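Asks: The structure file upload.txt (compact mmCIF, N, CA and C atoms) is provided below.
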```txt
# COMPACT_ATOMS: atom_id res chain seq x y z
N MET V 1 126.37 239.74 124.64
CA MET V 1 125.73 240.25 123.45
C MET V 1 126.75 240.96 122.55
N ILE V 2 127.63 241.75 123.16
CA ILE V 2 128.62 242.48 122.38
C ILE V 2 129.58 241.49 121.71
N LYS V 3 129.94 240.43 122.45
CA LYS V 3 130.84 239.43 121.89
C LYS V 3 130.21 238.75 120.68
N LEU V 4 128.90 238.53 120.73
CA LEU V 4 128.19 237.91 119.62
C LEU V 4 128.28 238.77 118.36
N PHE V 5 128.13 240.10 118.53
CA PHE V 5 128.23 241.01 117.39
C PHE V 5 129.64 240.98 116.81
N LYS V 6 130.64 240.90 117.67
CA LYS V 6 132.02 240.85 117.18
C LYS V 6 132.28 239.57 116.39
N VAL V 7 131.74 238.46 116.88
CA VAL V 7 131.91 237.19 116.18
C VAL V 7 131.23 237.23 114.82
N LYS V 8 130.00 237.76 114.78
CA LYS V 8 129.28 237.87 113.50
C LYS V 8 130.02 238.77 112.53
N GLU V 9 130.54 239.89 113.03
CA GLU V 9 131.28 240.81 112.17
C GLU V 9 132.54 240.14 111.62
N LYS V 10 133.23 239.39 112.45
CA LYS V 10 134.43 238.68 112.03
C LYS V 10 134.09 237.65 110.95
N GLN V 11 132.97 236.92 111.14
CA GLN V 11 132.55 235.94 110.15
C GLN V 11 132.21 236.61 108.81
N ARG V 12 131.56 237.77 108.88
CA ARG V 12 131.21 238.50 107.66
C ARG V 12 132.46 238.95 106.92
N GLU V 13 133.46 239.44 107.67
CA GLU V 13 134.71 239.88 107.06
C GLU V 13 135.44 238.71 106.40
N LEU V 14 135.46 237.55 107.07
CA LEU V 14 136.11 236.38 106.50
C LEU V 14 135.40 235.93 105.22
N ALA V 15 134.07 235.99 105.22
CA ALA V 15 133.30 235.61 104.03
C ALA V 15 133.57 236.57 102.88
N GLU V 16 133.66 237.87 103.18
CA GLU V 16 133.94 238.85 102.13
C GLU V 16 135.34 238.65 101.56
N ASN V 17 136.31 238.37 102.43
CA ASN V 17 137.68 238.14 101.97
C ASN V 17 137.77 236.87 101.13
N ALA V 18 136.98 235.86 101.49
CA ALA V 18 136.98 234.62 100.72
C ALA V 18 136.40 234.84 99.33
N ASN V 19 135.44 235.77 99.21
CA ASN V 19 134.83 236.07 97.91
C ASN V 19 135.69 237.00 97.07
N GLY V 20 136.77 237.51 97.66
CA GLY V 20 137.64 238.41 96.92
C GLY V 20 137.25 239.87 97.06
N ASN V 21 136.22 240.15 97.83
CA ASN V 21 135.81 241.55 98.03
C ASN V 21 136.71 242.20 99.07
N ILE V 22 137.01 243.43 98.86
CA ILE V 22 137.80 244.19 99.83
C ILE V 22 136.83 244.73 100.87
N PRO V 23 137.09 244.50 102.17
CA PRO V 23 136.17 245.00 103.18
C PRO V 23 136.12 246.54 103.15
N VAL V 24 134.92 247.07 103.20
CA VAL V 24 134.72 248.51 103.14
C VAL V 24 134.61 249.05 104.56
N LYS V 25 135.40 250.07 104.85
CA LYS V 25 135.36 250.69 106.16
C LYS V 25 134.08 251.50 106.29
N LYS V 26 133.36 251.26 107.36
CA LYS V 26 132.11 251.97 107.59
C LYS V 26 132.42 253.36 108.13
N GLN V 27 131.82 254.39 107.54
CA GLN V 27 132.07 255.76 107.98
C GLN V 27 131.16 256.12 109.15
N SER V 28 131.73 256.85 110.10
CA SER V 28 130.94 257.33 111.23
C SER V 28 130.12 258.54 110.77
N ALA V 29 129.15 258.92 111.59
CA ALA V 29 128.33 260.08 111.27
C ALA V 29 129.18 261.34 111.17
N GLY V 30 130.20 261.44 112.04
CA GLY V 30 131.10 262.58 111.99
C GLY V 30 131.88 262.67 110.70
N GLU V 31 132.33 261.51 110.18
CA GLU V 31 133.06 261.48 108.91
C GLU V 31 132.15 261.90 107.75
N LEU V 32 130.92 261.40 107.78
CA LEU V 32 129.97 261.79 106.73
C LEU V 32 129.71 263.29 106.75
N ARG V 33 129.51 263.85 107.94
CA ARG V 33 129.24 265.28 108.07
C ARG V 33 130.45 266.09 107.64
N LEU V 34 131.65 265.66 108.05
CA LEU V 34 132.87 266.38 107.67
C LEU V 34 133.08 266.33 106.16
N HIS V 35 132.81 265.19 105.54
CA HIS V 35 132.92 265.07 104.08
C HIS V 35 132.00 266.07 103.40
N LYS V 36 130.78 266.17 103.89
CA LYS V 36 129.81 267.12 103.33
C LYS V 36 130.31 268.56 103.52
N ASP V 37 130.78 268.88 104.73
CA ASP V 37 131.25 270.24 105.01
C ASP V 37 132.46 270.61 104.14
N ILE V 38 133.40 269.68 103.98
CA ILE V 38 134.59 269.97 103.18
C ILE V 38 134.23 270.12 101.71
N SER V 39 133.30 269.30 101.23
CA SER V 39 132.91 269.40 99.82
C SER V 39 132.19 270.71 99.51
N GLU V 40 131.53 271.29 100.51
CA GLU V 40 130.82 272.56 100.32
C GLU V 40 131.70 273.77 100.63
N LEU V 41 132.94 273.53 101.04
CA LEU V 41 133.84 274.59 101.46
C LEU V 41 134.32 275.41 100.27
N ASN V 42 134.21 276.72 100.36
CA ASN V 42 134.72 277.64 99.33
C ASN V 42 135.86 278.44 99.95
N LEU V 43 137.08 277.97 99.73
CA LEU V 43 138.25 278.63 100.30
C LEU V 43 138.70 279.77 99.40
N PRO V 44 139.14 280.89 100.00
CA PRO V 44 139.74 281.95 99.18
C PRO V 44 141.08 281.49 98.63
N LYS V 45 141.60 282.22 97.66
CA LYS V 45 142.86 281.80 97.03
C LYS V 45 144.04 281.84 97.99
N SER V 46 143.91 282.54 99.10
CA SER V 46 145.01 282.61 100.07
C SER V 46 145.02 281.43 101.04
N CYS V 47 144.06 280.52 100.92
CA CYS V 47 143.98 279.35 101.81
C CYS V 47 144.00 278.06 101.00
N THR V 48 144.69 277.06 101.55
CA THR V 48 144.69 275.74 100.93
C THR V 48 144.46 274.69 102.02
N ILE V 49 143.90 273.58 101.61
CA ILE V 49 143.67 272.48 102.54
C ILE V 49 144.42 271.26 102.02
N SER V 50 145.07 270.52 102.94
CA SER V 50 145.80 269.31 102.54
C SER V 50 145.52 268.20 103.54
N PHE V 51 145.67 266.98 103.07
CA PHE V 51 145.44 265.81 103.89
C PHE V 51 146.74 265.01 103.97
N PRO V 52 147.56 265.25 105.01
CA PRO V 52 148.87 264.59 105.10
C PRO V 52 148.78 263.07 105.16
N SER V 53 147.69 262.52 105.71
CA SER V 53 147.54 261.07 105.83
C SER V 53 146.85 260.46 104.62
N GLY V 54 146.56 261.27 103.63
CA GLY V 54 145.87 260.79 102.43
C GLY V 54 144.41 261.22 102.42
N LYS V 55 143.81 261.22 101.24
CA LYS V 55 142.43 261.67 101.07
C LYS V 55 141.42 260.78 101.80
N ASP V 56 141.81 259.54 102.11
CA ASP V 56 140.88 258.65 102.81
C ASP V 56 140.76 258.99 104.29
N GLU V 57 141.72 259.71 104.82
CA GLU V 57 141.71 260.08 106.24
C GLU V 57 141.28 261.54 106.37
N LEU V 58 139.96 261.77 106.37
CA LEU V 58 139.42 263.13 106.42
C LEU V 58 139.50 263.76 107.80
N MET V 59 139.61 262.96 108.84
CA MET V 59 139.51 263.47 110.20
C MET V 59 140.76 264.23 110.65
N ASN V 60 141.84 264.15 109.89
CA ASN V 60 143.06 264.90 110.19
C ASN V 60 143.49 265.62 108.92
N PHE V 61 143.55 266.94 109.00
CA PHE V 61 143.97 267.70 107.83
C PHE V 61 144.65 268.99 108.26
N GLU V 62 145.26 269.67 107.29
CA GLU V 62 145.96 270.93 107.55
C GLU V 62 145.42 272.02 106.64
N VAL V 63 145.32 273.21 107.19
CA VAL V 63 144.93 274.39 106.42
C VAL V 63 146.11 275.35 106.44
N THR V 64 146.51 275.80 105.25
CA THR V 64 147.60 276.76 105.12
C THR V 64 147.01 278.09 104.70
N ILE V 65 147.35 279.13 105.44
CA ILE V 65 146.84 280.48 105.15
C ILE V 65 148.03 281.36 104.78
N ARG V 66 147.94 281.99 103.61
CA ARG V 66 148.96 282.94 103.14
C ARG V 66 148.26 284.27 102.89
N PRO V 67 148.24 285.16 103.89
CA PRO V 67 147.53 286.43 103.72
C PRO V 67 148.05 287.22 102.53
N ASP V 68 147.13 287.81 101.77
CA ASP V 68 147.52 288.59 100.58
C ASP V 68 147.40 290.09 100.82
N GLU V 69 147.14 290.46 102.07
CA GLU V 69 147.11 291.89 102.43
C GLU V 69 147.28 292.02 103.94
N GLY V 70 147.53 293.22 104.39
CA GLY V 70 147.59 293.48 105.82
C GLY V 70 148.96 293.23 106.44
N TYR V 71 148.97 293.22 107.75
CA TYR V 71 150.20 293.11 108.52
C TYR V 71 150.93 291.79 108.26
N TYR V 72 150.21 290.72 108.04
CA TYR V 72 150.82 289.41 107.86
C TYR V 72 151.08 289.05 106.40
N LEU V 73 151.05 290.04 105.50
CA LEU V 73 151.32 289.83 104.08
C LEU V 73 152.66 289.13 103.91
N GLY V 74 152.67 288.06 103.12
CA GLY V 74 153.90 287.31 102.88
C GLY V 74 154.13 286.19 103.88
N GLY V 75 153.34 286.14 104.93
CA GLY V 75 153.50 285.08 105.92
C GLY V 75 152.77 283.82 105.51
N THR V 76 153.17 282.72 106.09
CA THR V 76 152.50 281.44 105.88
C THR V 76 152.21 280.84 107.23
N PHE V 77 150.94 280.52 107.46
CA PHE V 77 150.50 279.99 108.74
C PHE V 77 149.82 278.65 108.50
N ILE V 78 150.32 277.62 109.18
CA ILE V 78 149.79 276.27 109.00
C ILE V 78 149.05 275.85 110.27
N PHE V 79 147.82 275.40 110.10
CA PHE V 79 146.99 274.93 111.20
C PHE V 79 146.64 273.47 110.96
N SER V 80 146.84 272.62 111.98
CA SER V 80 146.44 271.22 111.86
C SER V 80 145.13 271.03 112.61
N PHE V 81 144.24 270.23 112.03
CA PHE V 81 142.93 269.96 112.59
C PHE V 81 142.81 268.47 112.88
N GLN V 82 142.33 268.14 114.07
CA GLN V 82 141.99 266.77 114.42
C GLN V 82 140.52 266.77 114.79
N VAL V 83 139.73 266.08 114.00
CA VAL V 83 138.28 266.09 114.17
C VAL V 83 137.84 264.81 114.86
N SER V 84 136.99 264.95 115.84
CA SER V 84 136.47 263.82 116.60
C SER V 84 135.43 263.06 115.79
N PRO V 85 135.28 261.76 116.03
CA PRO V 85 134.24 260.99 115.32
C PRO V 85 132.82 261.46 115.64
N ILE V 86 132.65 262.20 116.74
CA ILE V 86 131.31 262.70 117.07
C ILE V 86 131.10 264.14 116.62
N TYR V 87 131.93 264.58 115.66
CA TYR V 87 131.74 265.89 115.05
C TYR V 87 130.33 265.94 114.47
N PRO V 88 129.59 267.00 114.57
CA PRO V 88 129.84 268.36 115.04
C PRO V 88 129.51 268.60 116.50
N HIS V 89 129.24 267.54 117.25
CA HIS V 89 128.89 267.71 118.66
C HIS V 89 130.10 268.05 119.52
N GLU V 90 131.27 267.77 119.01
CA GLU V 90 132.51 268.12 119.69
C GLU V 90 133.37 268.90 118.71
N ALA V 91 133.89 270.03 119.15
CA ALA V 91 134.68 270.89 118.27
C ALA V 91 136.00 270.23 117.89
N PRO V 92 136.49 270.50 116.67
CA PRO V 92 137.80 269.96 116.28
C PRO V 92 138.92 270.56 117.13
N LYS V 93 139.98 269.81 117.29
CA LYS V 93 141.16 270.32 117.99
C LYS V 93 142.06 270.94 116.93
N VAL V 94 142.39 272.22 117.13
CA VAL V 94 143.17 272.97 116.15
C VAL V 94 144.50 273.37 116.78
N LYS V 95 145.58 273.19 116.02
CA LYS V 95 146.91 273.56 116.50
C LYS V 95 147.61 274.37 115.43
N CYS V 96 148.17 275.50 115.83
CA CYS V 96 148.94 276.33 114.92
C CYS V 96 150.36 275.78 114.89
N LYS V 97 150.80 275.29 113.72
CA LYS V 97 152.12 274.69 113.60
C LYS V 97 153.20 275.72 113.31
N THR V 98 152.79 276.95 113.02
CA THR V 98 153.73 278.03 112.71
C THR V 98 153.99 278.83 113.97
N LYS V 99 155.25 279.08 114.25
CA LYS V 99 155.61 279.89 115.41
C LYS V 99 155.20 281.33 115.13
N VAL V 100 154.35 281.88 115.99
CA VAL V 100 153.87 283.25 115.84
C VAL V 100 154.53 284.10 116.91
N VAL V 101 155.21 285.16 116.49
CA VAL V 101 155.91 286.04 117.41
C VAL V 101 155.01 287.21 117.74
N LEU V 102 154.78 287.41 119.02
CA LEU V 102 153.96 288.53 119.46
C LEU V 102 154.83 289.77 119.62
N THR V 103 154.35 290.89 119.13
CA THR V 103 155.05 292.15 119.33
C THR V 103 154.18 293.06 120.18
N ARG V 104 154.80 293.96 120.89
CA ARG V 104 154.04 294.89 121.74
C ARG V 104 153.74 296.20 121.01
N ALA V 105 154.06 296.25 119.73
CA ALA V 105 153.87 297.48 118.97
C ALA V 105 152.40 297.82 118.79
N SER V 106 151.56 296.84 118.73
CA SER V 106 150.16 297.10 118.46
C SER V 106 149.27 296.18 119.29
N ASN V 107 148.32 296.76 119.99
CA ASN V 107 147.38 295.95 120.76
C ASN V 107 146.50 295.12 119.84
N MET V 108 146.24 295.63 118.63
CA MET V 108 145.39 294.92 117.68
C MET V 108 146.00 293.56 117.34
N ILE V 109 147.31 293.52 117.15
CA ILE V 109 147.98 292.28 116.80
C ILE V 109 147.85 291.29 117.95
N ARG V 110 148.06 291.76 119.16
CA ARG V 110 147.97 290.89 120.32
C ARG V 110 146.56 290.32 120.46
N CYS V 111 145.54 291.12 120.23
CA CYS V 111 144.16 290.66 120.34
C CYS V 111 143.81 289.67 119.24
N THR V 112 144.39 289.87 118.06
CA THR V 112 144.05 289.02 116.93
C THR V 112 144.51 287.59 117.16
N ILE V 113 145.68 287.40 117.75
CA ILE V 113 146.20 286.06 117.91
C ILE V 113 146.28 285.64 119.38
N SER V 114 145.51 286.26 120.25
CA SER V 114 145.58 285.94 121.67
C SER V 114 145.03 284.57 122.00
N ASN V 115 144.30 283.93 121.09
CA ASN V 115 143.76 282.61 121.39
C ASN V 115 144.68 281.47 120.96
N ILE V 116 145.97 281.75 120.70
CA ILE V 116 146.98 280.74 120.41
C ILE V 116 147.98 280.75 121.56
N ASP V 117 148.13 279.58 122.25
CA ASP V 117 149.08 279.55 123.36
C ASP V 117 150.50 279.27 122.85
N LEU V 118 151.45 279.19 123.76
CA LEU V 118 152.86 279.05 123.37
C LEU V 118 153.17 277.72 122.68
N GLU V 119 152.34 276.69 122.89
CA GLU V 119 152.55 275.41 122.21
C GLU V 119 151.84 275.34 120.88
N GLY V 120 151.10 276.39 120.51
CA GLY V 120 150.41 276.41 119.23
C GLY V 120 148.96 275.96 119.29
N ASN V 121 148.48 275.60 120.49
CA ASN V 121 147.08 275.18 120.62
C ASN V 121 146.17 276.37 120.42
N VAL V 122 145.15 276.18 119.62
CA VAL V 122 144.19 277.25 119.32
C VAL V 122 142.92 276.96 120.09
N SER V 123 142.46 277.95 120.86
CA SER V 123 141.21 277.75 121.58
C SER V 123 140.05 278.08 120.66
N THR V 124 139.10 277.17 120.58
CA THR V 124 137.90 277.39 119.78
C THR V 124 136.78 277.72 120.73
N PHE V 125 136.11 278.78 120.46
CA PHE V 125 135.10 279.25 121.40
C PHE V 125 133.79 278.61 121.12
```
Output the file's structure in the form of C-alpha cells.

Replies:
Amino acid sequence: MIKLFKVKEKQRELAENANGNIPVKKQSAGELRLHKDISELNLPKSCTISFPSGKDELMNFEVTIRPDEGYYLGGTFIFSFQVSPIYPHEAPKVKCKTKVVLTRASNMIRCTISNIDLEGNVSTF
C-alpha cells in the first residue's frame, strides 16, 4: 500500500513538471505552527532572529540576544534552534553558540546560566 502511494506521488510530480509547474513542498503541521508562532512573535530591540538556511527553512534558526542592561550589558549571545517536525509536541533543541564563562563571584550568575552545559546545549524544562 505504501509503495502504491509513492508511485502515485511520483506520477503526480512528473505530471506537474511536464506542465511547467514547480512542485510545491507540503508543510508539516509543525512547520505551520512554527510559522504562526514566529509571525506573532514580538521581540524586544535587544533580540534578533535570523534564518541561516534561508527564509524557506523555518525549522532551523538563530536568536541573537544583546542585553541592554545588567551584568551582561555589551555582550552578544547567539542561540541556535532546531525544531522537530512534530512541534509543539516535542520541544526544540537549543544550543548556545557563544562561550559563556562562569565566575564564582556571584551565585546569581551561576544560577542564571546553570542550564547551559560545557558544549553549549541548553536544557529546556

Asks: Which value, in Å to one decimal, gives the distance between atom C of Ile38 of chain V and atom CA of Lys93 of chain V?

Replies: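 Distance between the two atoms: 17.7 Å.
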
Asks: Applying 12 Å and only C-alpha atoms, which residues near Pro67 of chain V remain after dropping the ones on its own chain fewer than 2 positions away? List them as a list in words.

Replies: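 Skipping anything fewer than 2 positions along the chain leaves Pro44, Lys45, Ser46, Cys47, Thr48, Thr64, Ile65, Glu69, Gly70, Tyr71, Tyr72, Leu73, Gly74, Gly75, Thr76, Phe77 and Ile78 of chain V.
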
Asks: Find the distance between atom CA of Phe79 of chain V and atom CA of Asn42 of chain V and write it in Å to one decimal.

Replies: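 That distance, rounded to one decimal, is 17.3 Å.
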
Asks: Ranking V:Lys97, V:His35, V:His89, V:Arg12 by minimum distance to Leu58 of chain V and counting all atoms listed in the file, which one comes first?

Replies: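 The closest residue to Leu58 of chain V is V:His35.
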
Asks: How many Å separate atom C of Phe61 of chain V from atom N of Gln82 of chain V?

Replies: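 Distance reported for this atom pair: 6.3 Å.
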
Asks: So which residues fall inside 5 Å of (143.7, 275.7, 117.7) if we count all atoms listed in the file? Mind giving them as a list in words?

Replies: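 Result, sorted by chain then residue number: Val94, Lys95, Cys96, Asn121, Val122 and Ser123 of chain V.
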
Asks: Out of segment 35-116 of chain V, which residues get alpha helix (DSSP H) from DSSP, as a tab-separated table (two decimals) with N, CA and C atoms, in the coordinates of the input?

Replies:
```
chain	number	residue	atom	x	y	z
V	35	HIS	N	132.81	265.19	105.54
V	35	HIS	CA	132.92	265.07	104.08
V	35	HIS	C	132.00	266.07	103.40
V	36	LYS	N	130.78	266.17	103.89
V	36	LYS	CA	129.81	267.12	103.33
V	36	LYS	C	130.31	268.56	103.52
V	37	ASP	N	130.78	268.88	104.73
V	37	ASP	CA	131.25	270.24	105.01
V	37	ASP	C	132.46	270.61	104.14
V	38	ILE	N	133.40	269.68	103.98
V	38	ILE	CA	134.59	269.97	103.18
V	38	ILE	C	134.23	270.12	101.71
V	39	SER	N	133.30	269.30	101.23
V	39	SER	CA	132.91	269.40	99.82
V	39	SER	C	132.19	270.71	99.51
V	107	ASN	N	148.32	296.76	119.99
V	107	ASN	CA	147.38	295.95	120.76
V	107	ASN	C	146.50	295.12	119.84
V	108	MET	N	146.24	295.63	118.63
V	108	MET	CA	145.39	294.92	117.68
V	108	MET	C	146.00	293.56	117.34
V	109	ILE	N	147.31	293.52	117.15
V	109	ILE	CA	147.98	292.28	116.80
V	109	ILE	C	147.85	291.29	117.95
V	110	ARG	N	148.06	291.76	119.16
V	110	ARG	CA	147.97	290.89	120.32
V	110	ARG	C	146.56	290.32	120.46
V	111	CYS	N	145.54	291.12	120.23
V	111	CYS	CA	144.16	290.66	120.34
V	111	CYS	C	143.81	289.67	119.24
V	112	THR	N	144.39	289.87	118.06
V	112	THR	CA	144.05	289.02	116.93
V	112	THR	C	144.51	287.59	117.16
```

Asks: Just checking: using only N, CA and C atoms, which residue out of V:Arg66, V:Pro88, V:Asn60, V:Pro52 ends up closest to Gly30 of chain V?

Replies: V:Pro88

Asks: Which is closer to Ser84 of chain V than all the others in V:Leu41, V:Met59, V:Ser53, V:Thr98, using all atoms listed in the file?

Replies: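 Looking only at the distances to Ser84 of chain V, the closest residue turns out to be V:Met59.
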